[in-house]
Each structure stands twice: as structure tokens, then as C-alpha cells.
$ cat work-v5.txt   # compact mmCIF, C-alpha atoms and all ligand atoms
# COMPACT_ATOMS: atom_id res chain seq x y z
CA MET A 14 0.00 0.00 0.00
CA ILE A 15 1.51 3.29 -1.10
CA ASN A 16 1.63 5.97 1.56
CA VAL A 17 2.36 9.59 0.63
CA ASN A 18 2.20 11.00 4.17
CA THR A 19 4.74 13.60 5.09
CA LYS A 20 5.57 15.75 8.08
CA TYR A 21 5.89 19.51 7.92
CA LEU A 22 6.28 21.79 10.94
CA GLY A 23 5.41 18.84 13.15
CA LEU A 24 2.05 18.50 11.36
CA ASN A 25 1.11 15.15 9.86
CA LEU A 26 0.12 15.77 6.26
CA LYS A 27 -1.64 13.11 4.23
CA ASN A 28 0.41 14.08 1.16
CA PRO A 29 3.00 16.76 0.22
CA LEU A 30 0.52 19.01 -1.66
CA ILE A 31 -0.07 22.20 0.31
CA VAL A 32 -2.04 25.02 -1.27
CA GLY A 33 0.06 28.20 -1.16
CA SER A 34 -1.26 31.56 -0.09
CA SER A 35 -3.26 33.38 -2.75
CA ARG A 36 -6.72 34.76 -3.49
CA LEU A 37 -7.92 31.14 -3.66
CA THR A 38 -7.07 30.69 0.01
CA GLY A 39 -8.75 33.92 1.04
CA GLU A 40 -12.18 32.48 0.48
CA LEU A 41 -13.88 29.47 2.10
CA ASN A 42 -15.49 28.00 -1.05
CA SER A 43 -12.25 27.66 -2.99
CA ILE A 44 -10.45 26.39 0.13
CA ARG A 45 -13.12 23.68 0.47
CA LYS A 46 -12.69 22.73 -3.18
CA CYS A 47 -8.88 22.45 -2.74
CA VAL A 48 -9.40 20.16 0.25
CA GLU A 49 -11.97 18.06 -1.63
CA LYS A 50 -9.45 17.58 -4.43
CA GLY A 51 -6.83 16.34 -1.98
CA ALA A 52 -4.85 19.32 -0.62
CA SER A 53 -3.12 18.27 2.60
CA ALA A 54 -2.91 21.74 4.15
CA ILE A 55 -3.90 25.30 3.31
CA VAL A 56 -1.85 28.46 3.70
CA LEU A 57 -4.38 31.25 4.09
CA LYS A 58 -4.15 34.46 2.07
CA SER A 59 -1.71 36.77 3.83
CA LEU A 60 -2.82 39.56 6.01
CA PHE A 61 -0.55 42.38 4.88
CA GLU A 62 1.16 44.71 7.29
CA GLU A 63 0.44 47.53 4.87
CA GLN A 64 -3.25 46.80 5.29
CA ILE A 65 -3.24 47.48 8.93
CA VAL A 66 -0.62 50.15 9.38
CA GLU A 67 -2.52 53.38 9.57
CA GLU A 68 0.01 55.48 7.71
CA ALA A 69 -0.34 53.19 4.71
CA GLN A 70 -4.00 54.07 4.49
CA SER A 71 -3.34 57.31 2.69
CA LYS A 72 -1.40 55.50 -0.03
CA LEU A 73 -4.25 53.14 -0.78
CA THR A 74 -6.19 55.10 -3.32
CA LYS A 75 -8.85 53.46 -5.42
CA ASN A 76 -6.39 53.06 -8.32
CA ASN A 77 -3.73 51.07 -6.59
CA ILE A 78 -5.78 48.74 -4.46
CA ASP A 79 -5.49 45.26 -5.79
CA GLU A 80 -4.97 41.67 -4.84
CA HIS A 81 -1.47 42.38 -3.68
CA TYR A 82 -2.65 44.60 -0.87
CA PHE A 83 -5.70 42.74 0.29
CA TRP A 84 -6.33 39.21 1.30
CA PHE A 85 -9.63 38.99 -0.45
CA LYS A 86 -10.57 41.29 -3.23
CA GLU A 87 -14.28 41.42 -2.59
CA ALA A 88 -13.55 42.97 0.78
CA GLU A 89 -11.41 45.87 -0.45
CA LYS A 90 -13.89 48.63 0.12
CA LYS A 91 -15.15 47.11 3.31
CA VAL A 92 -11.64 46.70 4.67
CA MET A 93 -10.76 50.31 3.83
CA ASP A 94 -13.64 51.52 5.95
CA LEU A 95 -12.78 49.48 8.99
CA SER A 96 -10.76 50.39 12.03
CA PHE A 97 -7.56 48.55 12.88
CA ASP A 98 -9.32 46.38 15.49
CA GLN A 99 -12.16 45.56 13.13
CA ARG A 100 -9.70 44.54 10.43
CA MET A 101 -7.91 42.26 12.84
CA GLN A 102 -11.18 40.75 14.00
CA LEU A 103 -12.25 40.13 10.40
CA TYR A 104 -9.08 38.15 9.80
CA LEU A 105 -9.39 36.19 13.05
CA ASP A 106 -13.01 35.33 12.21
CA PHE A 107 -11.83 34.13 8.83
CA VAL A 108 -9.20 31.85 10.42
CA LEU A 109 -11.80 30.43 12.81
CA ASN A 110 -14.33 29.94 10.04
CA VAL A 111 -11.89 28.04 7.83
CA LYS A 112 -10.64 25.99 10.75
CA THR A 113 -14.13 24.88 11.71
CA ASN A 114 -15.11 24.03 8.15
CA VAL A 115 -12.20 22.02 6.80
CA ASP A 116 -10.34 19.08 8.25
CA VAL A 117 -6.76 19.67 7.12
CA PRO A 118 -4.14 21.79 8.91
CA ILE A 119 -4.56 25.53 8.44
CA ILE A 120 -1.47 27.68 8.19
CA SER A 121 -2.16 31.35 8.70
CA SER A 122 -0.01 33.82 6.79
CA ILE A 123 1.07 37.28 7.78
CA ASN A 124 3.11 39.60 5.67
CA CYS A 125 5.56 41.45 7.89
CA LEU A 126 7.82 44.36 7.15
CA SER A 127 8.82 44.95 10.75
CA SER A 128 8.55 43.24 14.13
CA LYS A 129 6.07 45.91 15.32
CA GLY A 130 2.62 44.73 16.27
CA TRP A 131 2.88 41.21 14.91
CA PRO A 132 3.91 39.23 17.99
CA ALA A 133 0.69 40.01 19.85
CA PHE A 134 -1.42 39.47 16.78
CA ALA A 135 0.33 36.16 16.06
CA SER A 136 -0.84 34.97 19.44
CA GLU A 137 -4.45 35.93 18.55
CA ILE A 138 -4.14 33.91 15.33
CA GLU A 139 -3.01 30.94 17.37
CA LYS A 140 -6.06 31.35 19.64
CA ALA A 141 -8.32 31.52 16.57
CA GLY A 142 -7.19 27.97 15.77
CA ALA A 143 -4.40 28.19 13.19
CA ASP A 144 -2.19 25.11 13.27
CA ALA A 145 0.90 27.01 12.18
CA LEU A 146 1.97 30.43 11.03
CA GLU A 147 3.80 31.37 7.85
CA LEU A 148 5.62 34.69 7.95
CA ASN A 149 5.65 36.13 4.48
CA ILE A 150 8.51 38.57 4.89
CA GLY A 151 9.47 40.70 1.93
CA ILE A 152 11.59 43.72 2.71
CA PHE A 153 12.69 45.66 -0.34
CA PRO A 154 14.70 48.69 0.70
CA PHE A 155 15.55 51.06 -2.09
CA ASN A 156 18.04 53.47 -0.67
CA THR A 157 21.77 53.89 -0.41
CA SER A 158 22.03 53.36 3.33
CA SER A 159 20.44 50.02 4.35
CA LYS A 160 23.05 47.32 4.75
CA SER A 161 22.35 43.66 3.95
CA ALA A 162 23.13 42.59 7.52
CA GLU A 163 20.62 45.10 8.95
CA ILE A 164 17.91 43.81 6.66
CA GLU A 165 18.64 40.19 7.54
CA ASN A 166 18.60 41.13 11.23
CA THR A 167 15.08 42.52 10.77
CA TYR A 168 13.99 39.08 9.51
CA PHE A 169 15.62 37.43 12.53
CA ASP A 170 14.00 39.94 14.93
CA ILE A 171 10.56 39.26 13.45
CA VAL A 172 11.00 35.50 13.79
CA ARG A 173 12.34 35.79 17.38
CA GLU A 174 9.53 38.13 18.46
CA VAL A 175 6.79 36.00 16.91
CA LYS A 176 8.24 32.75 18.27
CA ALA A 177 8.34 34.23 21.76
CA ASN A 178 4.59 34.84 21.55
CA VAL A 179 3.23 31.63 20.05
CA ASN A 180 3.34 27.91 20.68
CA ILE A 181 2.40 26.88 17.15
CA PRO A 182 5.20 26.24 14.64
CA VAL A 183 6.40 29.14 12.52
CA SER A 184 7.76 29.01 9.00
CA VAL A 185 9.26 31.84 7.00
CA LYS A 186 8.54 32.39 3.34
CA ILE A 187 11.47 34.17 1.78
CA GLY A 188 12.41 35.59 -1.57
CA PRO A 189 15.51 34.52 -3.49
CA TYR A 190 17.38 37.82 -3.16
CA PHE A 191 19.97 37.18 -0.46
CA THR A 192 23.73 37.29 -0.83
CA ASN A 193 24.32 34.04 1.04
CA ILE A 194 21.14 32.02 1.40
CA LEU A 195 22.80 29.28 3.46
CA SER A 196 24.04 31.73 6.06
CA PHE A 197 20.71 33.57 6.05
CA ALA A 198 18.75 30.32 6.42
CA ASN A 199 20.97 29.35 9.34
CA GLY A 200 20.16 32.70 10.94
CA LEU A 201 16.44 32.03 10.52
CA ALA A 202 16.87 28.59 12.10
CA ASP A 203 18.82 30.10 15.00
CA ALA A 204 16.06 32.69 15.48
CA GLY A 205 13.63 29.79 15.90
CA ALA A 206 12.08 29.24 12.48
CA ASP A 207 10.67 25.73 12.17
CA GLY A 208 10.45 25.80 8.39
CA ILE A 209 11.47 27.81 5.35
CA VAL A 210 9.39 28.22 2.21
CA LEU A 211 11.49 28.88 -0.87
CA PHE A 212 10.59 31.10 -2.65
CA ASN A 213 7.93 33.75 -2.70
CA ARG A 214 7.25 35.12 -6.15
CA PHE A 215 7.03 38.81 -5.62
CA PHE A 216 4.79 41.15 -7.52
CA ARG A 217 6.33 42.08 -10.90
CA PRO A 218 4.76 45.16 -12.45
CA ASP A 219 4.64 45.30 -16.24
CA ILE A 220 4.07 48.08 -18.78
CA ASP A 221 1.27 48.33 -21.34
CA ILE A 222 3.12 49.76 -24.35
CA ASN A 223 -0.06 51.24 -25.84
CA THR A 224 -1.15 53.21 -22.80
CA ARG A 225 2.45 53.44 -21.46
CA LYS A 226 1.00 52.76 -18.03
CA LEU A 227 2.11 50.28 -15.44
CA VAL A 228 -0.12 47.26 -15.25
CA ALA A 229 -0.62 44.78 -12.47
CA ASN A 230 -1.37 41.21 -13.40
CA ASP A 231 -1.52 37.91 -11.59
CA ASN A 232 2.09 37.10 -12.42
CA PHE A 233 1.82 33.34 -12.58
CA SER A 234 4.88 31.13 -12.66
CA SER A 235 5.74 28.77 -15.50
CA ALA A 236 6.27 25.04 -15.17
CA GLY A 237 10.07 25.34 -15.50
CA ASP A 238 10.41 27.82 -12.66
CA TYR A 239 10.69 25.05 -10.05
CA LYS A 240 14.40 24.71 -10.83
CA MET A 241 15.56 27.70 -8.82
CA PRO A 242 13.81 26.78 -5.54
CA MET A 243 14.80 23.13 -6.12
CA ARG A 244 18.47 24.10 -6.32
CA TRP A 245 18.25 25.85 -2.96
CA ILE A 246 16.23 23.07 -1.36
CA ALA A 247 19.03 20.72 -2.49
CA LEU A 248 21.79 22.90 -1.10
CA LEU A 249 20.03 23.61 2.21
CA ALA A 250 19.02 19.97 2.69
CA ALA A 251 22.59 18.84 1.99
CA SER A 252 23.83 21.28 4.64
CA LYS A 253 21.67 19.46 7.22
CA LEU A 254 20.00 22.67 8.28
CA ASN A 255 17.64 21.93 11.13
CA VAL A 256 14.43 23.28 9.56
CA ASP A 257 11.76 21.84 7.32
CA LEU A 258 11.92 22.89 3.68
CA VAL A 259 9.03 23.57 1.37
CA ALA A 260 9.27 24.36 -2.33
CA SER A 261 7.16 27.11 -3.81
CA ASP A 262 7.37 28.75 -7.27
CA GLY A 263 6.86 26.74 -10.42
CA VAL A 264 5.55 23.48 -8.93
CA HIS A 265 2.94 22.75 -11.61
CA ASN A 266 2.98 18.95 -11.96
CA TYR A 267 3.95 15.68 -10.29
CA GLU A 268 7.45 15.70 -11.77
CA ALA A 269 8.29 18.94 -9.95
CA VAL A 270 6.91 17.50 -6.70
CA ILE A 271 9.02 14.33 -7.03
CA LYS A 272 12.15 16.31 -7.91
CA ASN A 273 11.75 18.49 -4.83
CA ILE A 274 11.25 15.45 -2.59
CA LEU A 275 14.34 13.88 -4.18
CA THR A 276 16.35 16.93 -3.17
CA GLY A 277 15.03 16.92 0.39
CA ALA A 278 11.80 18.95 0.56
CA ASN A 279 9.21 18.06 3.21
CA ALA A 280 6.38 19.24 0.96
CA VAL A 281 5.54 21.67 -1.83
CA GLN A 282 3.14 24.55 -2.22
CA LEU A 283 0.89 24.87 -5.26
CA CYS A 284 -0.48 28.17 -6.47
CA SER A 285 -0.16 29.19 -10.15
CA THR A 286 -1.03 25.73 -11.44
CA LEU A 287 -4.38 25.96 -9.62
CA TYR A 288 -5.20 29.17 -11.49
CA LEU A 289 -3.86 27.94 -14.83
CA ASN A 290 -5.06 24.32 -14.76
CA GLY A 291 -7.94 24.46 -12.29
CA ILE A 292 -8.19 23.17 -8.72
CA ASP A 293 -8.80 19.63 -10.07
CA VAL A 294 -5.09 19.51 -10.89
CA ILE A 295 -4.40 18.68 -7.21
CA GLU A 296 -6.10 15.31 -7.68
CA LYS A 297 -4.19 14.67 -10.91
CA ILE A 298 -0.81 15.51 -9.36
CA HIS A 299 -1.64 13.24 -6.41
CA ASN A 300 -2.59 10.32 -8.70
CA ASP A 301 0.45 10.87 -10.91
CA ILE A 302 2.76 10.72 -7.86
CA ILE A 303 1.24 7.39 -6.83
CA THR A 304 1.56 5.99 -10.37
CA TRP A 305 5.23 7.04 -10.50
CA MET A 306 5.91 5.52 -7.06
CA GLU A 307 4.26 2.25 -8.12
CA LYS A 308 6.45 2.09 -11.21
CA GLN A 309 9.57 2.82 -9.18
CA GLY A 310 8.66 0.38 -6.43
CA PHE A 311 8.51 3.01 -3.67
CA ASN A 312 6.02 2.66 -0.82
CA SER A 313 6.58 5.96 0.94
CA LEU A 314 8.07 9.39 0.26
CA ASP A 315 10.87 8.55 2.68
CA ASP A 316 11.93 5.72 0.35
CA PHE A 317 13.25 8.34 -2.05
CA ARG A 318 13.36 11.64 -0.13
CA SER A 319 16.80 13.27 -0.32
CA SER A 320 18.12 10.44 -2.43
CA SER A 321 19.63 12.85 -4.93
CA LEU A 322 21.83 14.26 -2.15
CA GLU A 323 24.49 11.59 -2.52
CA LEU A 324 24.77 12.41 -6.19
CA GLN A 325 25.03 16.10 -5.38
CA SER A 326 28.01 15.59 -3.12
CA THR A 327 29.97 13.92 -5.91
CA ASP A 328 28.68 15.98 -8.80
CA ALA A 329 28.24 19.48 -7.27
CA SER A 330 25.91 20.56 -10.08
CA PHE A 331 23.66 22.46 -7.69
CA GLU A 332 26.60 24.61 -6.60
CA ARG A 333 27.75 25.43 -10.11
CA THR A 334 26.68 28.82 -11.39
CA GLN A 335 28.47 29.01 -14.74
CA TYR A 336 28.16 26.93 -17.86
CA ILE A 337 31.60 25.33 -18.10
CA LYS A 338 32.66 22.50 -20.32
CA ARG A 339 33.49 19.33 -18.47
CA SER A 340 36.48 18.75 -20.71
CA PHE A 341 38.01 20.35 -23.79
CA ASN A 342 36.69 17.45 -25.85
CA ASP A 343 32.98 18.12 -25.05
C1 LIG B 1 -2.76 35.88 -7.33
C2 LIG B 1 -1.69 35.56 -6.33
C3 LIG B 1 -1.80 36.01 -5.03
C4 LIG B 1 -0.81 35.73 -4.08
N1 LIG B 1 -0.95 36.17 -2.79
C5 LIG B 1 0.00 35.81 -1.88
C6 LIG B 1 -0.14 36.19 -0.52
O1 LIG B 1 -1.09 36.85 -0.10
N2 LIG B 1 0.82 35.79 0.35
C7 LIG B 1 1.90 35.05 -0.03
O2 LIG B 1 2.74 34.68 0.82
N3 LIG B 1 2.06 34.67 -1.31
C8 LIG B 1 1.14 35.04 -2.23
N4 LIG B 1 1.30 34.66 -3.53
C9 LIG B 1 2.50 33.87 -3.90
C10 LIG B 1 2.18 32.38 -3.95
O3 LIG B 1 1.78 31.89 -2.67
C11 LIG B 1 3.41 31.57 -4.41
O4 LIG B 1 4.45 31.65 -3.45
C12 LIG B 1 3.96 32.04 -5.73
O5 LIG B 1 2.92 32.34 -6.64
C13 LIG B 1 4.86 30.99 -6.33
O6 LIG B 1 4.24 29.71 -6.41
P1 LIG B 1 3.54 29.19 -7.77
O7 LIG B 1 4.58 29.07 -8.79
O8 LIG B 1 2.93 27.86 -7.40
O9 LIG B 1 2.52 30.20 -8.14
C14 LIG B 1 0.32 34.95 -4.48
C15 LIG B 1 0.43 34.50 -5.80
C16 LIG B 1 -0.56 34.80 -6.72
C17 LIG B 1 -0.41 34.29 -8.13
$ encode --input "work-v5.txt" --output "C-alpha cells" --more "lines below"
Ligand SMILES: Cc1cc2nc3c(=O)[nH]c(=O)nc-3n(C[C@H](O)[C@H](O)[C@H](O)COP(=O)(O)O)c2cc1C
Amino acid sequence: MINVNTKYLGLNLKNPLIVGSSRLTGELNSIRKCVEKGASAIVLKSLFEEQIVEEAQSKLTKNNIDEHYFWFKEAEKKVMDLSFDQRMQLYLDFVLNVKTNVDVPIISSINCLSSKGWPAFASEIEKAGADALELNIGIFPFNTSSKSAEIENTYFDIVREVKANVNIPVSVKIGPYFTNILSFANGLADAGADGIVLFNRFFRPDIDINTRKLVANDNFSSAGDYKMPMRWIALLAASKLNVDLVASDGVHNYEAVIKNILTGANAVQLCSTLYLNGIDVIEKIHNDIITWMEKQGFNSLDDFRSSSLELQSTDASFERTQYIKRSFND
């Protein structure tokens, strides 16, 4: 009997297919559908720090409110009109509502830019019933004075402060833009992170060449994009970092799931593929994993998890950054 159970953040997941944070996870109906189709856990749509910091209010004009600022689009206007406490309560009610209506682990997500305010709120999220917390931290300074170490320290401070206030496990979803990801990931682990999600796919504005205006779109990944997070999962897993690792960005099919497990991931997060191929794709990926395992003679994910690591240590392909010829005869 094939068993695709996995463990992430101490949670027992029935398979490695977690639904990543997006508009789909900001609404109970689509969350229910994801669970029906086999999702093993749900990361709720992030509550954004910008949403609740009063000074940000003035920047949120009708023209620049979009999905990237709010955790569910239908609520934009409503959210704008609410006080800080009301906004918090709305989010906590949402967590409770999802938790009472679905039977898979619920991971709440908060987008933090600073350690202000979040620790106390994280504790409220725990009380509302979240099984874990994902910190979606994306700090993009654009100035000549902020030093890399200061920025990394802000991440560590956020993790330390939140961990001191909650008993549920905490993961950190990071972007790929760090000078030394291994050192940074070690810092997150030392600060108490239980897991790292690699990588967030940050908003990428585009230009409409006819109107010459900036346009916001949903910015979905492509099926080949899994290679960058997979490289870093491989390198971090090989370093025996003491945190769970989850792949996000470009996991569209069962092959990408298997490859990430082979390099050491605990699980993966699915997002763009659900928009592009429909929520039913969760069931297909699940079935395809089982079919592949049957063919390979594997009974559990642990039968092949991290099994590419031995190869990595002799081949070092994941560390290579340049295209070099292996020999002058190639
Ligand atoms: C429409 C949309 C909304 C998203 N909203 C969030 C969010 O609120 N919080 C977050 O951490 N990530 C958010 N993401 C990022 C996804 O969770 C995911 O990390 C990213 O899209 C890469 O995974 P994918 O290739 O499976 O899409 C969003 C992505 C999309 C496409």
C-alpha cells in the first residue's frame, strides 16, 4: 500500500501538496474545493502589514488597491472603511471559520515588514485555531544606506519576536534575493524558524506599451520555474540545516513535486497551477505521484526523499553557477 504521508512543521500531512497563499485561500469555497481535491494543508491568504498600518491608508487610493494589498478582493472597500481592530477581527473570524469548516491543517499567513505589532497578533491567530503560522517577509529597501546585515537582522527579529509569543510552529517564506542564502537560512533557524518556504514570487509590475502605463497582473509562474527553488532546497538539505523545507514557485505537476522530494523537501506549495489548470489539478498531481511511485517500487516518500543528495556531493551541479565544459573534448 503506497503511503504519501509527510511531516511539515510537526504537522502530519496526508500528502505533500499544500495550497500556497493566494486569493484562492482567502475564500472558504475555494479552500473547500482544494481540500476536496486532496490538498493536505492550506496556507491562508496573507494579512498584509500595509493593510493594517494606519500610515499606509493614505497610499491606498482606489487606483492602486489590488490583490497584492488585500487578502480577499471582494472585501477591499469594506476593509478600507474598517478600524484597525475591526480589520484584525475580520481576519481572526476568517481563520476560525476556515478551521471549523475544513479538516486539514490551516497555516495562517502574515506579511511582515517589521517586528512591530505582529507578535501580539500572532498569538491571537493561534487562539483563533491556526495550526501554524507562515511569515511572508518581503523587505525591499531602495536606498543607499540600508546594509544587507541590517535587513537580515530585521527578519531574525521578526522570527524571534513572533516565536516568543506563540506555541504553534512558525515558518518563514522568503524571496531569493539574499547574498548568502545558506548563512541567512541558518540565521532564521537560530532565530527559531521551524520551516522555510522557498521562494515567494514577488509582484512584478509590467508596462502596457499602448497606454504606457504600469499594469498589475496575476504574475503566474511557469512550469520550469521550479528549478531555482529546487536548487536551494538541495543545497540547504545537503547542509543538514535543522528546519523543514518547502518548495514554492513553479511546482505545476507531479514531476516537480518528485524532484523536490528527491532533493530533500518536506512538501511543496501549489499556487499558479491551480489558477492555470484548475483546482482539479491537485487530484491529478496526487494520482500521478502514486503511479510514479508504483512504477519505481517506492512505498513511501521517505523511500526516495533526499536520495539525490548523494549524487550532489559527488557531482556538485547544484553549486555550479556558470556553464563550463566538463572537458576540452565536449
Ligand atoms: C494571485 C496571487 C496572489 C498571491 N498572494 C500571496 C499572498 O497573499 N501571500 C503570499 O505569501 N504569497 C502570495 N502569492 C504567492 C504564492 O503563494 C506563491 O508563493 C507564488 O505564486 C509561487 O508559487 P507558484 O509558482 O505555485 O505560483 C500569491 C500569488 C498569486 C499568483
$ atom_distance --input "work-v5.txt" --atom1 "CA of Thr38 (chain A)" --atom2 "CA of Val117 (chain A)"
13.1 Å
$ residues_near_point --input "work-v5.txt" --point "(1.9, 39.3, -8.7)" --cutoff "7 Å" --atoms "only C-alpha atoms" --output "VMD selection string"
chain A and resid 81 215 to 217 230 to 232
$ residues_near_ligand --input "work-v5.txt" --ligand "ligand LIG 1 (chain B)" --cutoff "6 Å" --atoms "only C-alpha atoms and all ligand atoms" --output "PDB file with C-alpha atoms, in the frame of the given file"
ATOM      1  CA  GLY A  33       0.060  28.200  -1.160  1.00  0.00           C
ATOM      2  CA  SER A  34      -1.260  31.560  -0.090  1.00  0.00           C
ATOM      3  CA  SER A  35      -3.260  33.380  -2.750  1.00  0.00           C
ATOM      4  CA  ARG A  36      -6.720  34.760  -3.490  1.00  0.00           C
ATOM      5  CA  LYS A  58      -4.150  34.460   2.070  1.00  0.00           C
ATOM      6  CA  SER A  59      -1.710  36.770   3.830  1.00  0.00           C
ATOM      7  CA  TRP A  84      -6.330  39.210   1.300  1.00  0.00           C
ATOM      8  CA  ASN A 149       5.650  36.130   4.480  1.00  0.00           C
ATOM      9  CA  ASN A 213       7.930  33.750  -2.700  1.00  0.00           C
ATOM     10  CA  ARG A 214       7.250  35.120  -6.150  1.00  0.00           C
ATOM     11  CA  ASP A 231      -1.520  37.910 -11.590  1.00  0.00           C
ATOM     12  CA  ASN A 232       2.090  37.100 -12.420  1.00  0.00           C
ATOM     13  CA  PHE A 233       1.820  33.340 -12.580  1.00  0.00           C
ATOM     14  CA  SER A 234       4.880  31.130 -12.660  1.00  0.00           C
ATOM     15  CA  SER A 261       7.160  27.110  -3.810  1.00  0.00           C
ATOM     16  CA  ASP A 262       7.370  28.750  -7.270  1.00  0.00           C
ATOM     17  CA  GLY A 263       6.860  26.740 -10.420  1.00  0.00           C
ATOM     18  CA  VAL A 264       5.550  23.480  -8.930  1.00  0.00           C
ATOM     19  CA  LEU A 283       0.890  24.870  -5.260  1.00  0.00           C
ATOM     20  CA  CYS A 284      -0.480  28.170  -6.470  1.00  0.00           C
ATOM     21  CA  SER A 285      -0.160  29.190 -10.150  1.00  0.00           C
TER      22      SER A 285
END
$ closest_atom_pairs --input "work-v5.txt" --of "region 245-299 of chain A" --to "region 313-320 of chain A" --cutoff "8 Å" --atoms "only C-alpha atoms" --output "CSV"
residue,atom,partner,partner_atom,distance
A:Ala250,CA,A:Ser319,CA,7.7
A:Ile274,CA,A:Arg318,CA,5.0
A:Leu275,CA,A:Ser319,CA,4.6
A:Thr276,CA,A:Ser319,CA,4.7
A:Gly277,CA,A:Ser319,CA,4.1
A:Ala278,CA,A:Arg318,CA,7.5
$ closest_residue --input "work-v5.txt" --among "A:Thr304, A:Gln282, A:Ser252, A:Ser158" --to "Ile55 (chain A)" --atoms "all atoms listed in the file"
A:Gln282
$ residues_around --input "work-v5.txt" --residues "region 16-26 of chain A" --least-positions-apart "6" --cutoff "8 Å" --atoms "all atoms listed in the file" --output "VMD selection string"
chain A and resid 53 to 54 117 to 118 145 182 to 184 207 to 208 257 279 to 280 303 312 to 314
$ atom_distance --input "work-v5.txt" --atom1 "CA of Val32 (chain A)" --atom2 "CA of Thr286 (chain A)"
10.2 Å
$ residues_around --input "work-v5.txt" --residues "region 199-204 of chain A" --least-positions-apart "6" --cutoff "7 Å" --atoms "all atoms listed in the file" --output "PDB file with C-alpha atoms, keeping the file's coordinate frame"
ATOM      1  CA  PHE A 169      15.620  37.430  12.530  1.00  0.00           C
ATOM      2  CA  VAL A 172      11.000  35.500  13.790  1.00  0.00           C
ATOM      3  CA  ARG A 173      12.340  35.790  17.380  1.00  0.00           C
ATOM      4  CA  LEU A 254      20.000  22.670   8.280  1.00  0.00           C
ATOM      5  CA  ASN A 255      17.640  21.930  11.130  1.00  0.00           C
ATOM      6  CA  VAL A 256      14.430  23.280   9.560  1.00  0.00           C
TER       7      VAL A 256
END
$ closest_residue --input "work-v5.txt" --among "A:Lys27, A:His265, A:Lys160, A:Lys176" --to "Ile15 (chain A)" --atoms "all atoms listed in the file"
A:Lys27
$ closest_residue --input "work-v5.txt" --among "A:Leu126, A:Met243, A:Val175, A:Ile31" --to "Pro154 (chain A)" --atoms "all atoms listed in the file"
A:Leu126
$ closest_residue --input "work-v5.txt" --among "A:Leu287, A:Ile181, A:Met241, A:Ile194" --to "Gly142 (chain A)" --atoms "only C-alpha atoms"
A:Ile181
$ closest_residue --input "work-v5.txt" --among "A:Asn180, A:Asn114, A:Ser235, A:Ser122" --to "Ala269 (chain A)" --atoms "only C-alpha atoms"
A:Ser235
$ build_atoms --input "work-v5.txt" --residues "region 152-167 of chain A" --atoms "N, CA, C and O atoms" --output "compact mmCIF listing (two decimals), in the coordinates of the input"
# COMPACT_ATOMS: atom_id res chain seq x y z
N ILE A 152 11.13 42.35 2.45
CA ILE A 152 11.59 43.72 2.71
C ILE A 152 12.43 44.15 1.51
O ILE A 152 13.43 43.50 1.18
N PHE A 153 11.98 45.19 0.85
CA PHE A 153 12.69 45.66 -0.34
C PHE A 153 13.15 47.09 -0.17
O PHE A 153 12.52 48.02 -0.66
N PRO A 154 14.25 47.31 0.52
CA PRO A 154 14.70 48.69 0.70
C PRO A 154 15.23 49.21 -0.63
O PRO A 154 15.82 48.45 -1.41
N PHE A 155 14.97 50.46 -0.90
CA PHE A 155 15.55 51.06 -2.09
C PHE A 155 16.16 52.38 -1.67
O PHE A 155 15.56 53.43 -1.75
N ASN A 156 17.34 52.28 -1.13
CA ASN A 156 18.04 53.47 -0.67
C ASN A 156 19.53 53.15 -0.65
O ASN A 156 19.93 52.01 -0.88
N THR A 157 20.33 54.13 -0.36
CA THR A 157 21.77 53.89 -0.41
C THR A 157 22.35 53.57 0.97
O THR A 157 23.53 53.37 1.12
N SER A 158 21.48 53.50 1.98
CA SER A 158 22.03 53.36 3.33
C SER A 158 21.81 52.00 3.99
O SER A 158 22.63 51.56 4.79
N SER A 159 20.71 51.28 3.65
CA SER A 159 20.44 50.02 4.35
C SER A 159 21.48 48.97 3.98
O SER A 159 21.75 48.74 2.81
N LYS A 160 22.04 48.36 4.99
CA LYS A 160 23.05 47.32 4.75
C LYS A 160 22.38 45.94 4.79
O LYS A 160 21.42 45.72 5.54
N SER A 161 22.94 45.01 4.02
CA SER A 161 22.35 43.66 3.95
C SER A 161 22.17 43.06 5.34
O SER A 161 21.12 42.47 5.64
N ALA A 162 23.19 43.21 6.19
CA ALA A 162 23.13 42.59 7.52
C ALA A 162 21.97 43.16 8.33
O ALA A 162 21.28 42.43 9.05
N GLU A 163 21.74 44.48 8.19
CA GLU A 163 20.62 45.10 8.95
C GLU A 163 19.30 44.50 8.50
O GLU A 163 18.41 44.23 9.31
N ILE A 164 19.18 44.33 7.19
CA ILE A 164 17.91 43.81 6.66
C ILE A 164 17.71 42.37 7.14
O ILE A 164 16.63 42.00 7.60
N GLU A 165 18.77 41.58 7.07
CA GLU A 165 18.64 40.19 7.54
C GLU A 165 18.31 40.16 9.03
O GLU A 165 17.51 39.33 9.48
N ASN A 166 18.89 41.09 9.78
CA ASN A 166 18.60 41.13 11.23
C ASN A 166 17.12 41.43 11.48
O ASN A 166 16.54 40.94 12.46
N THR A 167 16.51 42.24 10.60
CA THR A 167 15.08 42.52 10.77
C THR A 167 14.28 41.22 10.63
O THR A 167 13.35 40.96 11.38
